[in-house]
file input-v2.cif (mmCIF, C-alpha atoms)
data_entry
loop_
_atom_site.label_atom_id
_atom_site.label_comp_id
_atom_site.auth_asym_id
_atom_site.auth_seq_id
_atom_site.Cartn_x
_atom_site.Cartn_y
_atom_site.Cartn_z
CA MET I 1 -27.28 20.54 -25.52
CA GLN I 2 -27.52 17.26 -23.61
CA ILE I 3 -24.84 14.58 -23.52
CA THR I 4 -26.26 11.11 -24.08
CA ILE I 5 -24.73 7.66 -24.42
CA PRO I 6 -24.74 6.52 -28.12
CA LYS I 7 -27.15 3.68 -28.98
CA LYS I 8 -24.40 1.44 -30.39
CA TYR I 9 -22.79 1.53 -26.94
CA ILE I 10 -25.98 0.24 -25.36
CA ILE I 11 -26.17 -2.66 -27.87
CA LEU I 12 -22.70 -3.83 -26.77
CA ASP I 13 -23.67 -3.34 -23.10
CA VAL I 14 -26.71 -5.60 -23.50
CA PHE I 15 -24.68 -8.20 -25.41
CA ALA I 16 -22.00 -8.16 -22.68
CA ALA I 17 -24.63 -8.57 -19.94
CA ILE I 18 -26.18 -11.54 -21.79
CA CYS I 19 -22.74 -13.14 -22.31
CA ILE I 20 -21.83 -12.84 -18.62
CA LEU I 21 -25.22 -14.14 -17.50
CA VAL I 22 -25.05 -17.12 -19.89
CA SER I 23 -21.49 -17.88 -18.73
CA PHE I 24 -22.58 -17.78 -15.10
CA ILE I 25 -25.53 -20.13 -15.72
CA LEU I 26 -23.33 -22.54 -17.71
CA VAL I 27 -20.66 -22.56 -14.97
CA MET I 28 -23.21 -23.16 -12.22
CA PHE I 29 -25.44 -25.75 -13.84
CA PHE I 30 -23.72 -27.35 -16.81
CA THR I 31 -20.00 -27.73 -16.05
CA PRO I 32 -18.91 -30.93 -14.29
CA ILE I 33 -17.71 -30.89 -10.69
CA GLU I 34 -13.98 -31.53 -10.41
CA MET I 35 -13.26 -34.63 -8.31
CA THR I 36 -10.24 -33.48 -6.24
CA MET I 37 -11.21 -29.84 -5.58
CA GLY I 38 -14.99 -29.98 -5.66
CA TYR I 39 -17.13 -26.89 -6.32
CA VAL I 40 -14.32 -24.39 -5.71
CA GLN I 41 -12.76 -25.36 -9.06
CA LYS I 42 -15.65 -23.45 -10.71
CA ILE I 43 -13.99 -20.22 -9.54
CA PHE I 44 -11.33 -20.86 -12.15
CA TYR I 45 -13.58 -20.01 -15.12
CA PHE I 46 -14.09 -16.41 -13.97
CA HIS I 47 -10.72 -16.10 -12.22
CA VAL I 48 -8.80 -16.87 -15.43
CA ALA I 49 -11.09 -14.53 -17.41
CA HIS I 50 -10.38 -11.70 -14.91
CA ALA I 51 -6.61 -12.32 -15.13
CA TRP I 52 -6.88 -12.35 -18.95
CA ILE I 53 -8.67 -8.97 -18.94
CA GLY I 54 -5.96 -7.58 -16.65
CA MET I 55 -3.15 -8.64 -18.98
CA LEU I 56 -5.05 -7.64 -22.14
CA SER I 57 -5.68 -4.19 -20.68
CA PHE I 58 -2.03 -3.61 -19.89
CA ILE I 59 -1.04 -4.67 -23.41
CA VAL I 60 -3.70 -2.32 -24.87
CA ALA I 61 -2.41 0.47 -22.59
CA ALA I 62 1.19 -0.11 -23.72
CA ALA I 63 0.15 -0.11 -27.41
CA ALA I 64 -1.85 3.11 -26.91
CA SER I 65 1.08 4.69 -25.03
CA PHE I 66 3.42 3.77 -27.87
CA MET I 67 1.01 5.39 -30.36
CA TYR I 68 0.82 8.47 -28.12
CA LEU I 69 4.59 8.88 -28.23
CA ILE I 70 4.56 8.64 -32.04
CA ARG I 71 1.44 10.69 -32.88
CA LYS I 72 1.17 12.97 -29.79
CA ASN I 73 -2.61 12.57 -29.94
CA SER I 74 -4.29 12.78 -26.53
CA VAL I 75 -6.86 10.15 -27.61
CA TYR I 76 -4.18 7.46 -27.16
CA ASP I 77 -3.38 8.76 -23.70
CA LEU I 78 -7.06 8.51 -22.79
CA ILE I 79 -7.20 4.92 -24.13
CA ALA I 80 -4.17 4.04 -21.96
CA GLU I 81 -5.76 5.72 -18.92
CA SER I 82 -9.00 3.76 -19.40
CA ALA I 83 -7.26 0.44 -20.07
CA VAL I 84 -5.00 0.72 -17.01
CA GLU I 85 -7.91 1.51 -14.68
CA ILE I 86 -9.97 -1.47 -15.89
CA GLY I 87 -6.93 -3.77 -16.00
CA LEU I 88 -5.89 -2.90 -12.46
CA TYR I 89 -9.41 -3.47 -11.15
CA PHE I 90 -9.73 -6.89 -12.82
CA THR I 91 -6.20 -7.92 -11.73
CA ILE I 92 -7.00 -7.14 -8.08
CA ILE I 93 -10.18 -9.25 -8.29
CA ALA I 94 -8.20 -12.07 -9.96
CA VAL I 95 -5.66 -12.00 -7.10
CA ILE I 96 -8.37 -12.06 -4.38
CA SER I 97 -10.39 -14.80 -6.12
CA GLY I 98 -7.18 -16.82 -6.57
CA SER I 99 -6.63 -16.53 -2.84
CA ILE I 100 -10.16 -17.83 -2.16
CA TRP I 101 -9.40 -20.81 -4.44
CA ALA I 102 -5.98 -21.38 -2.83
CA LYS I 103 -7.34 -21.83 0.70
CA PRO I 104 -9.03 -25.22 0.10
CA ALA I 105 -6.66 -26.24 -2.73
CA TRP I 106 -3.28 -25.37 -1.13
CA ASN I 107 -4.45 -25.02 2.47
CA THR I 108 -3.24 -21.41 2.60
CA TRP I 109 -4.67 -18.02 1.56
CA TRP I 110 -1.33 -16.83 0.21
CA THR I 111 2.07 -18.16 -0.77
CA TRP I 112 5.01 -16.40 -2.46
CA ASP I 113 4.67 -18.52 -5.58
CA PRO I 114 6.21 -16.98 -8.77
CA ARG I 115 2.78 -16.42 -10.40
CA LEU I 116 1.24 -14.81 -7.33
CA THR I 117 4.31 -12.66 -6.72
CA THR I 118 4.64 -11.43 -10.31
CA THR I 119 0.88 -10.71 -10.53
CA THR I 120 1.07 -8.65 -7.33
CA ILE I 121 4.12 -6.76 -8.65
CA MET I 122 2.21 -6.12 -11.90
CA ALA I 123 -0.76 -4.74 -9.92
CA PHE I 124 1.56 -2.46 -7.92
CA ILE I 125 3.20 -1.18 -11.11
CA TYR I 126 -0.20 -0.13 -12.50
CA ALA I 127 -1.33 1.27 -9.14
CA GLY I 128 1.84 3.39 -9.38
CA TYR I 129 0.70 4.53 -12.84
CA GLN I 130 -2.60 5.71 -11.36
CA PHE I 131 -0.85 7.65 -8.59
CA LEU I 132 1.53 9.20 -11.11
CA ARG I 133 -1.40 10.32 -13.28
CA GLN I 134 -2.97 12.08 -10.32
CA SER I 135 0.24 13.79 -9.29
CA LEU I 136 1.41 15.32 -12.60
CA ASP I 137 -0.02 18.63 -13.87
CA ASN I 138 1.58 19.62 -17.18
CA PRO I 139 -0.52 17.73 -19.81
CA ASP I 140 2.24 17.24 -22.40
CA LYS I 141 4.90 16.20 -19.87
CA LYS I 142 2.35 14.05 -18.07
CA GLY I 143 1.40 12.24 -21.29
CA ARG I 144 5.01 11.48 -22.20
CA ILE I 145 6.06 10.32 -18.72
CA LEU I 146 2.98 8.11 -18.35
CA ALA I 147 3.42 6.63 -21.83
CA LEU I 148 7.03 5.68 -21.06
CA TYR I 149 6.04 4.30 -17.65
CA CYS I 150 3.27 2.23 -19.24
CA ILE I 151 5.53 0.78 -21.96
CA ILE I 152 8.23 -0.16 -19.42
CA GLY I 153 5.57 -1.47 -16.99
CA CYS I 154 4.21 -3.76 -19.72
CA ILE I 155 7.32 -5.95 -19.29
CA SER I 156 5.56 -7.28 -16.17
CA VAL I 157 2.84 -8.87 -18.37
CA PRO I 158 4.99 -11.52 -20.16
CA LEU I 159 6.93 -11.94 -16.90
CA THR I 160 3.68 -12.82 -15.13
CA PHE I 161 2.44 -15.05 -17.95
CA PHE I 162 5.67 -17.07 -18.23
CA SER I 163 6.47 -17.11 -14.49
CA ILE I 164 4.81 -20.51 -14.04
CA ARG I 165 6.64 -21.93 -17.03
CA GLY I 166 10.18 -20.74 -16.31
CA TYR I 167 10.24 -21.26 -12.55
CA ARG I 168 9.13 -24.00 -10.17
CA SER I 169 5.55 -23.10 -9.34
CA ILE I 170 2.56 -24.75 -7.70
CA HIS I 171 0.15 -22.62 -9.74
CA PRO I 172 -1.68 -24.71 -12.37
CA VAL I 173 -0.64 -24.22 -16.01
CA LEU I 174 -3.81 -23.97 -18.10
CA ILE I 175 -2.68 -22.65 -21.47
CA GLY I 176 -0.20 -24.64 -23.50
CA ASN I 177 0.13 -27.42 -20.95
CA THR I 178 0.57 -30.90 -22.38
CA SER I 179 2.09 -32.83 -19.47
CA GLN I 180 0.28 -32.56 -16.13
CA GLY I 181 -2.30 -29.78 -15.74
CA MET I 182 -5.62 -29.58 -14.02
CA GLY I 183 -7.09 -32.62 -15.68
CA MET I 184 -9.61 -30.44 -17.50
CA THR I 185 -12.20 -32.30 -19.52
CA PRO I 186 -13.41 -30.97 -22.93
CA PRO I 187 -16.58 -29.37 -21.38
CA MET I 188 -14.35 -27.57 -18.86
CA ILE I 189 -12.04 -26.30 -21.63
CA LEU I 190 -15.06 -25.16 -23.66
CA MET I 191 -16.45 -23.33 -20.63
CA MET I 192 -13.11 -21.62 -20.09
CA ILE I 193 -13.15 -20.38 -23.70
CA ILE I 194 -16.78 -19.15 -23.32
CA SER I 195 -15.86 -17.29 -20.09
CA ILE I 196 -12.83 -15.63 -21.65
CA PHE I 197 -14.94 -14.58 -24.66
CA SER I 198 -17.72 -13.19 -22.41
CA PHE I 199 -15.30 -11.17 -20.33
CA THR I 200 -13.60 -9.84 -23.45
CA VAL I 201 -17.01 -8.53 -24.61
CA LEU I 202 -17.56 -7.02 -21.14
CA TYR I 203 -14.11 -5.44 -21.36
CA LEU I 204 -14.97 -3.80 -24.70
CA ALA I 205 -18.25 -2.50 -23.25
CA LEU I 206 -16.50 -1.06 -20.18
CA MET I 207 -13.69 0.39 -22.29
CA GLN I 208 -16.05 2.35 -24.54
CA HIS I 209 -17.78 3.96 -21.53
CA ARG I 210 -14.55 4.63 -19.66
CA PHE I 211 -12.96 6.15 -22.76
CA LEU I 212 -15.99 8.39 -23.43
CA TYR I 213 -15.94 9.46 -19.78
CA ALA I 214 -12.22 10.30 -19.99
CA LYS I 215 -12.81 12.29 -23.20
CA ILE I 216 -15.67 14.36 -21.74
CA LYS I 217 -13.66 14.91 -18.54
CA GLU I 218 -10.69 16.18 -20.52
CA GLU I 219 -12.91 18.54 -22.56
CA THR I 220 -14.63 19.83 -19.43
CA GLU I 221 -11.33 20.46 -17.65
CA ALA I 222 -9.90 22.23 -20.71
CA GLU I 223 -12.99 24.48 -20.98
CA LYS I 224 -12.88 25.18 -17.25
CA TYR I 225 -9.21 26.15 -17.53
CA GLU I 226 -9.99 28.44 -20.49
CA MET I 227 -12.83 30.12 -18.59
CA GLU I 228 -10.63 30.72 -15.56
CA TYR I 229 -7.90 32.10 -17.84
CA GLU I 230 -10.41 34.49 -19.52
CA ASP I 231 -11.73 35.66 -16.15
CA GLU I 232 -8.21 36.58 -15.06
CA MET J 1 -14.55 -44.47 -3.95
CA ASN J 2 -13.13 -40.99 -3.14
CA GLU J 3 -15.58 -38.42 -1.83
CA ILE J 4 -15.73 -34.98 -3.47
CA PRO J 5 -14.48 -32.35 -0.93
CA ASP J 6 -17.06 -29.88 0.32
CA THR J 7 -15.77 -26.55 -1.01
CA LEU J 8 -19.14 -25.01 -1.88
CA ASN J 9 -18.68 -22.07 0.54
CA TYR J 10 -15.46 -21.01 -1.17
CA MET J 11 -17.15 -21.13 -4.56
CA ILE J 12 -20.02 -18.95 -3.28
CA ALA J 13 -17.52 -16.49 -1.77
CA GLY J 14 -15.67 -16.35 -5.08
CA TYR J 15 -18.78 -15.63 -7.14
CA ILE J 16 -19.99 -13.01 -4.64
CA LEU J 17 -16.61 -11.33 -5.15
CA PHE J 18 -16.96 -11.48 -8.96
CA GLY J 19 -20.52 -10.12 -8.85
CA ALA J 20 -19.70 -7.37 -6.36
CA GLY J 21 -16.57 -6.51 -8.32
CA ILE J 22 -18.33 -6.11 -11.67
CA LEU J 23 -21.34 -4.26 -10.19
CA GLY J 24 -19.02 -2.10 -8.07
CA TYR J 25 -17.04 -0.96 -11.10
CA ILE J 26 -20.16 -0.29 -13.17
CA THR J 27 -21.66 1.72 -10.28
CA SER J 28 -18.48 3.78 -9.89
CA LEU J 29 -18.51 4.48 -13.64
CA VAL J 30 -22.21 5.51 -13.57
CA VAL J 31 -21.59 7.86 -10.59
CA ARG J 32 -18.60 9.47 -12.32
CA TRP J 33 -20.56 9.72 -15.61
CA LYS J 34 -23.43 11.54 -13.90
CA LYS J 35 -21.04 13.91 -12.14
CA ILE J 36 -19.15 14.83 -15.31
CA ILE J 37 -22.34 15.27 -17.35
CA ARG J 38 -23.73 17.61 -14.66
CA GLN J 39 -20.47 19.60 -14.72
CA LYS J 40 -20.49 19.75 -18.53
CA ASN J 41 -24.10 20.93 -18.66
CA GLU J 42 -23.42 23.58 -16.02
CA GLN J 43 -20.47 24.75 -18.06
CA LEU J 44 -22.55 24.90 -21.26
CA CYS J 45 -25.17 26.92 -19.39
CA HIS J 46 -22.49 29.27 -18.03
CA ASN J 47 -21.03 29.72 -21.53
CA SER J 48 -24.39 30.59 -23.08
CA ILE J 49 -25.08 33.20 -20.33
CA ALA J 50 -21.63 34.70 -20.90
CA ARG J 51 -22.29 34.92 -24.66
CA HIS J 52 -25.64 36.68 -24.05
CA GLN J 53 -23.99 39.20 -21.75
CA GLN J 54 -21.40 40.01 -24.43
#
call {"tool": "encode", "arguments": {"input": "input-v2.cif", "output": "C-alpha coordinates"}}
result
Amino acid sequence: MQITIPKKYIILDVFAAICILVSFILVMFFTPIEMTMGYVQKIFYFHVAHAWIGMLSFIVAAAASFMYLIRKNSVYDLIAESAVEIGLYFTIIAVISGSIWAKPAWNTWWTWDPRLTTTTIMAFIYAGYQFLRQSLDNPDKKGRILALYCIIGCISVPLTFFSIRGYRSIHPVLIGNTSQGMGMTPPMILMMIISIFSFTVLYLALMQHRFLYAKIKEETEAEKYEMEYEDE
Amino acid sequence: MNEIPDTLNYMIAGYILFGAGILGYITSLVVRWKKIIRQKNEQLCHNSIARHQQ
(Lines of atoms letter the chains of each structure in order from A and count residues from 1; the text may use other names and numbers.)
(Lines give C-alpha, C1' and ligand atoms only; values in the text may rest on other atoms or scores of the structure.)
Protein backbone atom coordinates (compact mmCIF):
# COMPACT_ATOMS: atom_id res chain seq x y z
CA MET A 1 0.00 0.00 0.00
CA GLN A 2 1.34 3.43 -0.91
CA ILE A 3 0.18 6.72 0.60
CA THR A 4 -0.45 9.36 -2.03
CA ILE A 5 -1.80 12.91 -1.93
CA PRO A 6 -5.44 13.03 -3.23
CA LYS A 7 -5.95 14.73 -6.61
CA LYS A 8 -8.48 17.25 -5.25
CA TYR A 9 -5.73 18.50 -2.93
CA ILE A 10 -3.46 19.16 -5.88
CA ILE A 11 -6.21 21.15 -7.68
CA LEU A 12 -6.44 23.51 -4.67
CA ASP A 13 -2.62 23.71 -4.50
CA VAL A 14 -2.41 24.80 -8.15
CA PHE A 15 -5.24 27.32 -7.67
CA ALA A 16 -3.50 28.75 -4.58
CA ALA A 17 -0.19 29.05 -6.45
CA ILE A 18 -1.91 30.88 -9.33
CA CYS A 19 -3.72 33.22 -6.90
CA ILE A 20 -0.49 34.14 -5.09
CA LEU A 21 1.40 34.63 -8.35
CA VAL A 22 -1.37 36.83 -9.81
CA SER A 23 -1.50 38.86 -6.57
CA PHE A 24 2.26 39.36 -6.65
CA ILE A 25 2.21 40.52 -10.29
CA LEU A 26 -0.71 42.89 -9.62
CA VAL A 27 1.04 44.36 -6.55
CA MET A 28 4.31 44.87 -8.41
CA PHE A 29 3.07 46.21 -11.72
CA PHE A 30 -0.51 47.44 -11.44
CA THR A 31 -1.01 49.06 -8.03
CA PRO A 32 -0.19 52.78 -7.73
CA ILE A 33 2.82 53.99 -5.77
CA GLU A 34 1.82 55.74 -2.54
CA MET A 35 3.08 59.33 -2.47
CA THR A 36 4.27 59.66 1.16
CA MET A 37 5.76 56.19 1.71
CA GLY A 38 6.84 55.20 -1.78
CA TYR A 39 7.37 51.56 -2.80
CA VAL A 40 7.46 50.22 0.77
CA GLN A 41 3.69 50.73 1.04
CA LYS A 42 3.34 47.71 -1.30
CA ILE A 43 4.43 45.50 1.61
CA PHE A 44 1.06 46.22 3.17
CA TYR A 45 -0.89 44.03 0.72
CA PHE A 46 0.91 40.84 1.79
CA HIS A 47 1.56 41.98 5.37
CA VAL A 48 -2.17 42.43 6.07
CA ALA A 49 -2.94 39.12 4.34
CA HIS A 50 -0.38 37.34 6.57
CA ALA A 51 -1.84 38.94 9.72
CA TRP A 52 -5.35 37.94 8.54
CA ILE A 53 -4.25 34.30 8.11
CA GLY A 54 -2.72 34.38 11.59
CA MET A 55 -5.94 35.58 13.21
CA LEU A 56 -8.16 33.32 11.08
CA SER A 57 -6.05 30.31 12.07
CA PHE A 58 -6.35 31.03 15.77
CA ILE A 59 -10.13 31.42 15.45
CA VAL A 60 -10.30 28.11 13.52
CA ALA A 61 -8.12 26.48 16.20
CA ALA A 62 -10.38 27.78 18.99
CA ALA A 63 -13.52 26.54 17.17
CA ALA A 64 -11.92 23.12 16.60
CA SER A 65 -10.82 22.98 20.26
CA PHE A 66 -14.35 23.80 21.37
CA MET A 67 -15.68 20.98 19.16
CA TYR A 68 -13.04 18.63 20.61
CA LEU A 69 -14.25 19.32 24.13
CA ILE A 70 -17.84 18.58 23.10
CA ARG A 71 -17.34 15.57 20.80
CA LYS A 72 -14.00 14.16 22.09
CA ASN A 73 -13.04 13.40 18.49
CA SER A 74 -9.28 13.58 17.86
CA VAL A 75 -9.91 14.99 14.35
CA TYR A 76 -10.74 18.36 15.95
CA ASP A 77 -7.54 18.27 17.96
CA LEU A 78 -5.59 17.66 14.75
CA ILE A 79 -7.38 20.59 13.05
CA ALA A 80 -6.42 22.83 16.01
CA GLU A 81 -2.81 21.59 15.88
CA SER A 82 -2.56 22.33 12.15
CA ALA A 83 -4.26 25.74 12.41
CA VAL A 84 -2.04 26.90 15.28
CA GLU A 85 1.16 25.91 13.49
CA ILE A 86 0.20 27.76 10.29
CA GLY A 87 -1.21 30.74 12.21
CA LEU A 88 1.92 31.13 14.30
CA TYR A 89 4.15 30.97 11.23
CA PHE A 90 2.14 33.61 9.34
CA THR A 91 1.91 35.86 12.43
CA ILE A 92 5.71 35.82 12.86
CA ILE A 93 6.16 36.79 9.19
CA ALA A 94 3.54 39.55 9.60
CA VAL A 95 5.44 40.95 12.61
CA ILE A 96 8.82 40.90 10.79
CA SER A 97 7.38 42.40 7.59
CA GLY A 98 5.65 45.08 9.68
CA SER A 99 9.02 45.91 11.17
CA ILE A 100 10.54 46.26 7.68
CA TRP A 101 7.71 48.66 6.78
CA ALA A 102 8.07 50.59 10.07
CA LYS A 103 11.72 51.49 9.53
CA PRO A 104 11.14 53.98 6.66
CA ALA A 105 7.60 54.90 7.77
CA TRP A 106 8.19 55.48 11.52
CA ASN A 107 11.99 55.72 11.45
CA THR A 108 12.30 52.77 13.84
CA TRP A 109 12.30 48.96 13.48
CA TRP A 110 10.20 48.50 16.60
CA THR A 111 8.01 50.46 18.98
CA TRP A 112 5.80 49.26 21.85
CA ASP A 113 2.64 50.34 20.05
CA PRO A 114 -0.58 48.57 21.22
CA ARG A 115 -0.96 46.64 17.92
CA LEU A 116 2.65 45.49 17.82
CA THR A 117 2.62 44.54 21.50
CA THR A 118 -0.66 42.60 21.37
CA THR A 119 0.41 40.79 18.17
CA THR A 120 3.67 39.75 19.83
CA ILE A 121 1.79 38.55 22.93
CA MET A 122 -0.57 36.59 20.65
CA ALA A 123 2.43 34.95 18.91
CA PHE A 124 3.95 34.02 22.30
CA ILE A 125 0.65 32.51 23.46
CA TYR A 126 0.56 30.21 20.41
CA ALA A 127 4.28 29.44 20.68
CA GLY A 128 3.41 28.33 24.24
CA TYR A 129 0.71 26.08 22.77
CA GLN A 130 3.30 24.41 20.55
CA PHE A 131 5.66 23.82 23.49
CA LEU A 132 2.81 22.44 25.58
CA ARG A 133 1.86 20.02 22.79
CA GLN A 134 5.40 18.68 22.70
CA SER A 135 5.64 18.29 26.45
CA LEU A 136 2.42 16.39 27.25
CA ASP A 137 2.19 12.60 26.81
CA ASN A 138 -1.25 11.32 27.81
CA PRO A 139 -3.37 11.78 24.62
CA ASP A 140 -6.73 12.39 26.33
CA LYS A 141 -5.34 14.75 28.98
CA LYS A 142 -3.20 16.46 26.34
CA GLY A 143 -6.22 17.04 24.09
CA ARG A 144 -8.31 18.57 26.87
CA ILE A 145 -5.55 20.81 28.25
CA LEU A 146 -4.60 22.05 24.77
CA ALA A 147 -8.23 22.68 23.82
CA LEU A 148 -8.78 24.79 26.94
CA TYR A 149 -5.50 26.64 26.38
CA CYS A 150 -6.45 27.35 22.77
CA ILE A 151 -9.94 28.66 23.66
CA ILE A 152 -8.53 30.94 26.38
CA GLY A 153 -5.65 31.99 24.09
CA CYS A 154 -8.14 33.02 21.40
CA ILE A 155 -9.04 36.06 23.56
CA SER A 156 -5.79 37.56 22.24
CA VAL A 157 -7.26 37.69 18.71
CA PRO A 158 -10.02 40.31 19.30
CA LEU A 159 -7.63 42.07 21.69
CA THR A 160 -5.10 42.40 18.86
CA PHE A 161 -7.72 43.38 16.28
CA PHE A 162 -9.30 46.11 18.43
CA SER A 163 -6.05 47.32 20.04
CA ILE A 164 -5.65 50.10 17.46
CA ARG A 165 -9.24 51.19 17.90
CA GLY A 166 -9.47 51.30 21.69
CA TYR A 167 -6.05 52.74 22.46
CA ARG A 168 -3.90 55.54 21.07
CA SER A 169 -1.87 53.88 18.34
CA ILE A 170 0.32 54.94 15.45
CA HIS A 171 -0.51 51.77 13.53
CA PRO A 172 -2.74 52.51 10.51
CA VAL A 173 -6.40 51.44 10.74
CA LEU A 174 -7.33 49.77 7.46
CA ILE A 175 -10.64 48.03 8.14
CA GLY A 176 -13.63 50.08 9.21
CA ASN A 177 -11.78 53.39 9.14
CA THR A 178 -13.80 56.36 7.98
CA SER A 179 -11.84 59.32 9.38
CA GLN A 180 -8.11 59.38 8.64
CA GLY A 181 -6.50 56.17 7.36
CA MET A 182 -3.84 55.45 4.84
CA GLY A 183 -5.42 57.41 2.05
CA MET A 184 -6.01 54.22 0.09
CA THR A 185 -7.39 54.67 -3.39
CA PRO A 186 -10.00 52.24 -4.84
CA PRO A 187 -7.32 50.23 -6.78
CA MET A 188 -5.36 49.84 -3.52
CA ILE A 189 -8.47 48.65 -1.65
CA LEU A 190 -9.26 46.20 -4.48
CA MET A 191 -5.70 44.88 -4.36
CA MET A 192 -5.95 44.41 -0.62
CA ILE A 193 -9.13 42.34 -1.08
CA ILE A 194 -7.46 40.25 -3.85
CA SER A 195 -4.42 39.61 -1.59
CA ILE A 196 -6.56 38.56 1.36
CA PHE A 197 -8.57 36.22 -0.90
CA SER A 198 -5.38 34.70 -2.40
CA PHE A 199 -3.86 34.06 1.00
CA THR A 200 -7.10 32.54 2.25
CA VAL A 201 -6.92 30.05 -0.66
CA LEU A 202 -3.25 29.36 0.21
CA TYR A 203 -4.28 28.85 3.83
CA LEU A 204 -6.88 26.25 2.82
CA ALA A 205 -4.30 24.46 0.66
CA LEU A 206 -1.75 24.41 3.48
CA MET A 207 -4.36 23.36 6.03
CA GLN A 208 -5.43 20.30 4.04
CA HIS A 209 -1.83 19.07 3.76
CA ARG A 210 -0.96 19.86 7.37
CA PHE A 211 -4.12 18.13 8.59
CA LEU A 212 -3.45 15.01 6.48
CA TYR A 213 0.13 14.95 7.77
CA ALA A 214 -1.09 15.21 11.38
CA LYS A 215 -3.60 12.40 10.77
CA ILE A 216 -1.02 10.02 9.26
CA LYS A 217 1.44 10.90 12.03
CA GLU A 218 -1.13 10.10 14.70
CA GLU A 219 -1.98 6.76 13.02
CA THR A 220 1.69 5.85 12.66
CA GLU A 221 2.43 6.68 16.30
CA ALA A 222 -0.61 4.69 17.48
CA GLU A 223 0.46 1.64 15.41
CA LYS A 224 4.03 1.96 16.65
CA TYR A 225 2.79 2.06 20.24
CA GLU A 226 0.61 -1.02 19.63
CA MET A 227 3.54 -2.92 18.10
CA GLU A 228 5.80 -2.07 21.02
CA TYR A 229 3.03 -3.13 23.43
CA GLU A 230 2.61 -6.48 21.59
CA ASP A 231 6.36 -7.10 21.62
CA GLU A 232 6.45 -6.65 25.38
CA MET B 1 6.01 69.14 -6.04
CA ASN B 2 6.88 66.54 -3.34
CA GLU B 3 9.28 63.79 -4.35
CA ILE B 4 8.32 60.15 -3.67
CA PRO B 5 10.73 58.73 -1.01
CA ASP B 6 13.10 56.02 -2.18
CA THR B 7 11.98 52.98 -0.17
CA LEU B 8 12.45 50.36 -2.89
CA ASN B 9 15.04 48.38 -0.87
CA TYR B 10 12.61 47.92 2.01
CA MET B 11 9.93 46.68 -0.38
CA ILE B 12 12.37 44.16 -1.91
CA ALA B 13 13.40 42.98 1.58
CA GLY B 14 9.74 42.57 2.51
CA TYR B 15 8.89 40.49 -0.55
CA ILE B 16 12.02 38.34 -0.13
CA LEU B 17 10.77 37.64 3.40
CA PHE B 18 7.28 36.72 2.11
CA GLY B 19 8.70 34.46 -0.61
CA ALA B 20 11.21 32.78 1.69
CA GLY B 21 8.54 32.41 4.36
CA ILE B 22 6.01 30.68 2.10
CA LEU B 23 8.62 28.47 0.38
CA GLY B 24 10.23 27.68 3.74
CA TYR B 25 6.96 26.44 5.21
CA ILE B 26 6.09 24.40 2.12
CA THR B 27 9.58 22.83 2.16
CA SER B 28 9.28 21.95 5.85
CA LEU B 29 5.89 20.36 5.17
CA VAL B 30 7.26 18.35 2.20
CA VAL B 31 10.23 17.11 4.29
CA ARG B 32 7.95 16.06 7.15
CA TRP B 33 5.50 14.43 4.67
CA LYS B 34 8.28 12.34 3.12
CA LYS B 35 9.57 11.29 6.53
CA ILE B 36 6.16 10.19 7.81
CA ILE B 37 5.30 8.34 4.58
CA ARG B 38 8.62 6.46 4.79
CA GLN B 39 7.87 5.56 8.42
CA LYS B 40 4.33 4.46 7.55
CA ASN B 41 5.51 2.29 4.65
CA GLU B 42 8.19 0.69 6.83
CA GLN B 43 5.55 -0.04 9.42
CA LEU B 44 3.22 -1.58 6.82
CA CYS B 45 6.11 -3.74 5.60
CA HIS B 46 6.92 -4.79 9.18
CA ASN B 47 3.25 -5.66 9.82
CA SER B 48 2.98 -7.84 6.71
CA ILE B 49 6.19 -9.75 7.66
CA ALA B 50 4.82 -10.28 11.18
CA ARG B 51 1.54 -11.61 9.75
CA HIS B 52 3.42 -14.06 7.48
CA GLN B 53 5.47 -15.33 10.41
CA GLN B 54 2.28 -16.00 12.39
call {"tool": "residues_around", "arguments": {"input": "input-v2.cif", "residues": "segment 54-60 of chain I", "least_positions_apart": "5", "cutoff": "9 Å", "atoms": "all atoms listed in the file", "output": "JSON, numbers by chain"}}
result
{"I": [49, 65, 79, 80, 82, 83, 84, 85, 86, 87, 88, 89, 90, 91, 92, 94, 123, 126, 150, 151, 153, 154, 157, 158, 160, 161, 200, 203]}
call {"tool": "residues_around", "arguments": {"input": "input-v2.cif", "residues": "Leu146 of chain I", "least_positions_apart": "2", "cutoff": "8 Å", "atoms": "all atoms listed in the file", "output": "count of residues only"}}
result
10
call {"tool": "closest_residue", "arguments": {"input": "input-v2.cif", "among": "I:Ala105, I:Val14, I:Ile152, I:Met67", "to": "chain J", "atoms": "all atoms listed in the file"}}
result
I:Ala105
call {"tool": "residues_near_point", "arguments": {"input": "input-v2.cif", "point": "(-11.1, -18.2, -7.1)", "cutoff": "8 Å", "atoms": "only C-alpha atoms", "output": "NGL selection string"}}
result
(:I and (40-44 or 46-47 or 94 or 96-102)) or (:J and (10-11 or 14))
call {"tool": "resolve_selection", "arguments": {"input": "input-v2.cif", "expression": "the PyMOL selection byres ((chain I) within 8 of (chain J))", "output": "count of residues only"}}
result
27
call {"tool": "atom_distance", "arguments": {"input": "input-v2.cif", "atom1": "atom CA of Thr185 of chain I", "atom2": "atom CA of Thr118 of chain I"}}
result
28.4 Å
call {"tool": "residues_around", "arguments": {"input": "input-v2.cif", "residues": "Ile170 of chain I", "least_positions_apart": "2", "cutoff": "12 Å", "atoms": "all atoms listed in the file", "output": "ChimeraX atom specification"}}
result
/I:102,105-106,110-116,163-165,167-168,172-173,180-182
call {"tool": "closest_residue", "arguments": {"input": "input-v2.cif", "among": "I:Ile53, I:Ile33, I:Val95, I:Ile25", "to": "Phe197 of chain I", "atoms": "only C-alpha atoms"}}
result
I:Ile53
call {"tool": "residues_around", "arguments": {"input": "input-v2.cif", "residues": "segment 17-24 of chain I", "least_positions_apart": "4", "cutoff": "9 Å", "atoms": "only C-alpha atoms", "output": "list in words"}}
result
Leu12, Asp13, Met28, Phe29, Tyr45, Phe46, Met191, Ile194, Ser195, Phe197, Ser198, Phe199, Val201 and Leu202 of chain I
call {"tool": "atom_distance", "arguments": {"input": "input-v2.cif", "atom1": "atom CA of Arg71 of chain I", "atom2": "atom CA of Asp140 of chain I"}}
result
12.4 Å
call {"tool": "atom_distance", "arguments": {"input": "input-v2.cif", "atom1": "atom CA of Leu212 of chain I", "atom2": "atom CA of Thr120 of chain I"}}
result
29.0 Å
